[in-house]
Amino acid sequence: MRLLKTIFVVGFFALCGAFFLGTGVAHADNCNLTPADFAEITAIQNNPTLTALDEVKQELAVRKDLVSQTIMCAQADVATLQSSLNAATTTTSDAANLQTALSGKLDDANNFYNLELTKLNGAGISGTESIAKDVLAWREGSYEPLAGEVNNFILWSENQSLFATAENRMQQTEQTVSFLEGASGNTDLQNAFSAAQTSFNAAEAENTQAQNALTQFLPADQSLALIQQSLNSLSETYQQFFALSTIVNNLLSH
Amino acid sequence: MKKDKWRGRMSNLSTDITFPMIDGEEKLIKQAIGGDSSAFGALYDRYQAMIYRFVLVKVGRREEAEDITHQVFLSAWTNVRSYKHRGYPFSSWLYQIARNQVIDHYRANKNDISLEKMDPEYFVLPATAQFDLGTKLEIEKVRAAIQALKPDYQDVIIMRFIEDVSLKETATILKKTEGAVKLIQHRAIKELKKML
Amino acid sequence: MNLSDILKQFKNIEPDPNFTEKSKRMILATPQTAPALTVRGLRMIFRVLETSAAVVLVGFFILLITGGFQSSRLSPVQYSVMDPQGLHAEAQAVEMQIELANINYPESSAAPESTSPTAAGSGNSATSSALASALATSTASSSPVANASGTASSTATTSTVSIDQALQELSK
């Protein structure tokens, strides 16, 4: 898959250049947690030279530091996602409203993390465990679905320029087909054009369904499936354009 | 250039052999030569699995087989307008391209670690996911043995015994006489049995 | 199974359908190489251009005479060829976006998380076993006491830990 991977990675990183503006650089150092960092806890617990009190103090300090670093890592992710969301272009008021709503939700996520950080101040060891558990549960139940929605919105908003281009292509093709059909009496043209039109109509309908799914904050996998479907239909439309192009070129060469 | 190498080889094929064509293939080929992408797409659907198997048996790794298969059809598509339809099945041309792509692949990777030193797991075929474990192991054992044969022997085994290509077409693809192919076939099977 | 039976089984090997679909799309979206121009080819091209120019001009004047011409929308050039280069570029842009949708966004809960600030997190499926395995290795190197999970692992101790892995470990 090396060749395909190369093509996809080049395109992927080209698009990533627009997505990931690196505003989380300030937090970058905090996001390199390694197993060794956590091994420190076990090492403290197993150190026979420490008194019980010292052990608790040291373990608490390490735990607080790790929880704090982990939450700040999570905040860096939110900041990055927020940047990408803000960079997405919207051409309709509905899309702009959705962008604003999602941005608000990301702000809420950041506030949640800030609140959990403040709780660390007076926490003991079991308190830090409880905070970590709460944050984990909240991420699974709330943040991950939100991140999915935001990513889907970004993807969908990018697709709109592809649809606009395809619509333009459809209009130009219609004029070409209309003229040539009149001049040549060739019915293959109209059939091929109808096929392209059908595919494009399906793509547009699926695109609208995807937007509705996003607006209604349906589960991320549902809106993603609709986005993917609309892109597949768009791809099919272009296959029909290629077929049309062949007919047109053959017609003109005879 | 790679493109010129296999074009030169193609031009040596005899023009007075006819083959039974799959229904509608001649029309599809002509349309594909004319630049019709859906016609080429139909040919792709027809032959892609066959070329993939050919390459996979020779190189062993799924990723490399996918890479090379993609290259074969990409070459075929970008150069189909130069294809001179002389009555052979389209598969003959594809096999030619595939053989050359595999040769090029080995040339490009000749400095890599030798086969003997590779972890056997490297060559496990994920493509055999649908078989039971016993069959998978047998298949991999035979595949590894085929890969150890000389390239011509590999080609004959794959075409004649896996893909049921006719003796005549195999001879055309390999640019050998039918008698030579029969001899290679006999020797290849003998050597394969010795290894297994 | 004898050799002949095993060889027959090879016929059942099929490529990954996802690969097949993607490969076909990419290939058909690639512009074809034009065959090398010969003198005969050049003559044919000029003939085609003459014919298509004539067709275009005739159509242009017919439309002009019949009043069907809208200067803002029609161009005689549009009739001649359907801009194959542009078509291919547009099709490839769509294919690229499909790949982005497929690669970037696999099953929603299965995407691995990264602690790097350049990744937008969307997955949460890290289990504690990977971290425990990594800890087993690092713990073993610093203390003779066996770790709780009891699993041996050859995971490198330099691997980073994801946010969810870290939270799981800290919530124990």
# chains A, B, ... in the order shown; residues from 1 in each chain; ligands from 1
>>> closest_atom_pairs(of="chain C", to="chain B", cutoff="9 Å", atoms="only C-alpha atoms", output="CSV")
residue,atom,partner,partner_atom,distance
C:Met1,CA,B:Glu138,CA,8.4
C:Leu3,CA,B:Lys193,CA,7.8
C:Ser4,CA,B:Phe161,CA,7.7
C:Ile6,CA,B:Ile139,CA,6.3
C:Leu7,CA,B:Ile162,CA,5.7
C:Lys8,CA,B:Ile162,CA,5.7
C:Gln9,CA,B:Ile139,CA,7.6
C:Phe10,CA,B:Ile162,CA,6.2
C:Lys11,CA,B:Ile162,CA,5.9
C:Asn12,CA,B:Thr128,CA,8.3
C:Ile13,CA,B:Thr128,CA,6.0
C:Glu14,CA,B:Ala49,CA,5.9
C:Pro15,CA,B:Ala49,CA,6.2
C:Asp16,CA,B:Ala127,CA,7.1
C:Phe19,CA,B:Glu66,CA,7.5
C:Thr20,CA,B:Gln48,CA,8.0
C:Ser23,CA,B:His70,CA,6.1
C:Lys24,CA,B:Gly41,CA,7.2
C:Arg25,CA,B:Gly41,CA,9.0
C:Met26,CA,B:Leu74,CA,8.6
C:Ile27,CA,B:Leu74,CA,5.5
C:Leu28,CA,B:Ser37,CA,6.1
C:Ala29,CA,B:Ser37,CA,8.7
C:Thr30,CA,B:Thr78,CA,7.6
C:Pro31,CA,B:Thr78,CA,7.0
C:Gln32,CA,B:Thr78,CA,4.3
C:Thr33,CA,B:Thr78,CA,5.2
C:Ala34,CA,B:Arg81,CA,7.4
C:Pro35,CA,B:Ser82,CA,6.0
C:Ala36,CA,B:Ser82,CA,8.7
>>> closest_atom_pairs(of="chain A", to="chain C", cutoff="7 Å", atoms="only C-alpha atoms", output="CSV")
residue,atom,partner,partner_atom,distance
A:Phe8,CA,C:Met96,CA,6.9
A:Gly11,CA,C:Met96,CA,6.7
A:Phe12,CA,C:Leu100,CA,6.4
A:Phe20,CA,C:Thr118,CA,5.9
A:Gly22,CA,C:Thr118,CA,6.2
A:Gly24,CA,C:Pro117,CA,5.6
A:Val25,CA,C:Pro117,CA,6.9
A:Ala28,CA,C:Pro117,CA,6.0
A:Cys31,CA,C:Thr115,CA,5.0
A:Asn32,CA,C:Thr160,CA,5.9
A:Leu33,CA,C:Val161,CA,5.4
A:Thr34,CA,C:Thr160,CA,4.6
A:Pro35,CA,C:Leu135,CA,5.6
A:Ala36,CA,C:Ser138,CA,6.3
A:Ala39,CA,C:Thr139,CA,6.2
A:Thr70,CA,C:Ile163,CA,5.9
A:Cys73,CA,C:Thr115,CA,6.4
A:Ala74,CA,C:Ile163,CA,6.7
A:Ala76,CA,C:Pro117,CA,5.7
A:Asp77,CA,C:Pro117,CA,5.6
A:Thr80,CA,C:Ala120,CA,6.5
A:Leu81,CA,C:Ala120,CA,5.5
A:Glu129,CA,C:Ser171,CA,4.1
A:Ser130,CA,C:Ser171,CA,6.3
A:Ala132,CA,C:Ser171,CA,5.1
A:Lys133,CA,C:Ser171,CA,5.0
A:Leu136,CA,C:Leu167,CA,6.0
A:Glu140,CA,C:Asn124,CA,6.3
A:Glu144,CA,C:Ser122,CA,5.2
A:Ala147,CA,C:Ser122,CA,5.2
A:Gly148,CA,C:Ser122,CA,5.5
A:Leu162,CA,C:Val94,CA,6.9
A:Thr176,CA,C:Tyr79,CA,5.2
A:Asp221,CA,C:Ser108,CA,6.0
A:Gln228,CA,C:Ala101,CA,6.7
A:Leu231,CA,C:Ile98,CA,6.2
A:Ser235,CA,C:Val94,CA,6.3
A:Tyr238,CA,C:Ala91,CA,5.9
A:Ser245,CA,C:Met82,CA,5.6
A:Val248,CA,C:Val81,CA,6.9
A:Asn249,CA,C:Val81,CA,6.2
A:Leu252,CA,C:Ser52,CA,5.9
A:Ser253,CA,C:Val48,CA,5.3
>>> atom_distance(atom1="atom CA of Gln216 of chain A", atom2="atom CA of Ser142 of chain A")
15.6 Å
>>> atom_distance(atom1="atom CA of Lys105 of chain A", atom2="atom CA of Ala137 of chain A")
17.2 Å
>>> atom_distance(atom1="atom CA of Glu59 of chain A", atom2="atom CA of Gln75 of chain A")
24.1 Å
>>> closest_residue(among="B:Arg99, B:Arg107, B:Arg61, B:Lys175", to="chain A", atoms="only C-alpha atoms")
B:Arg61
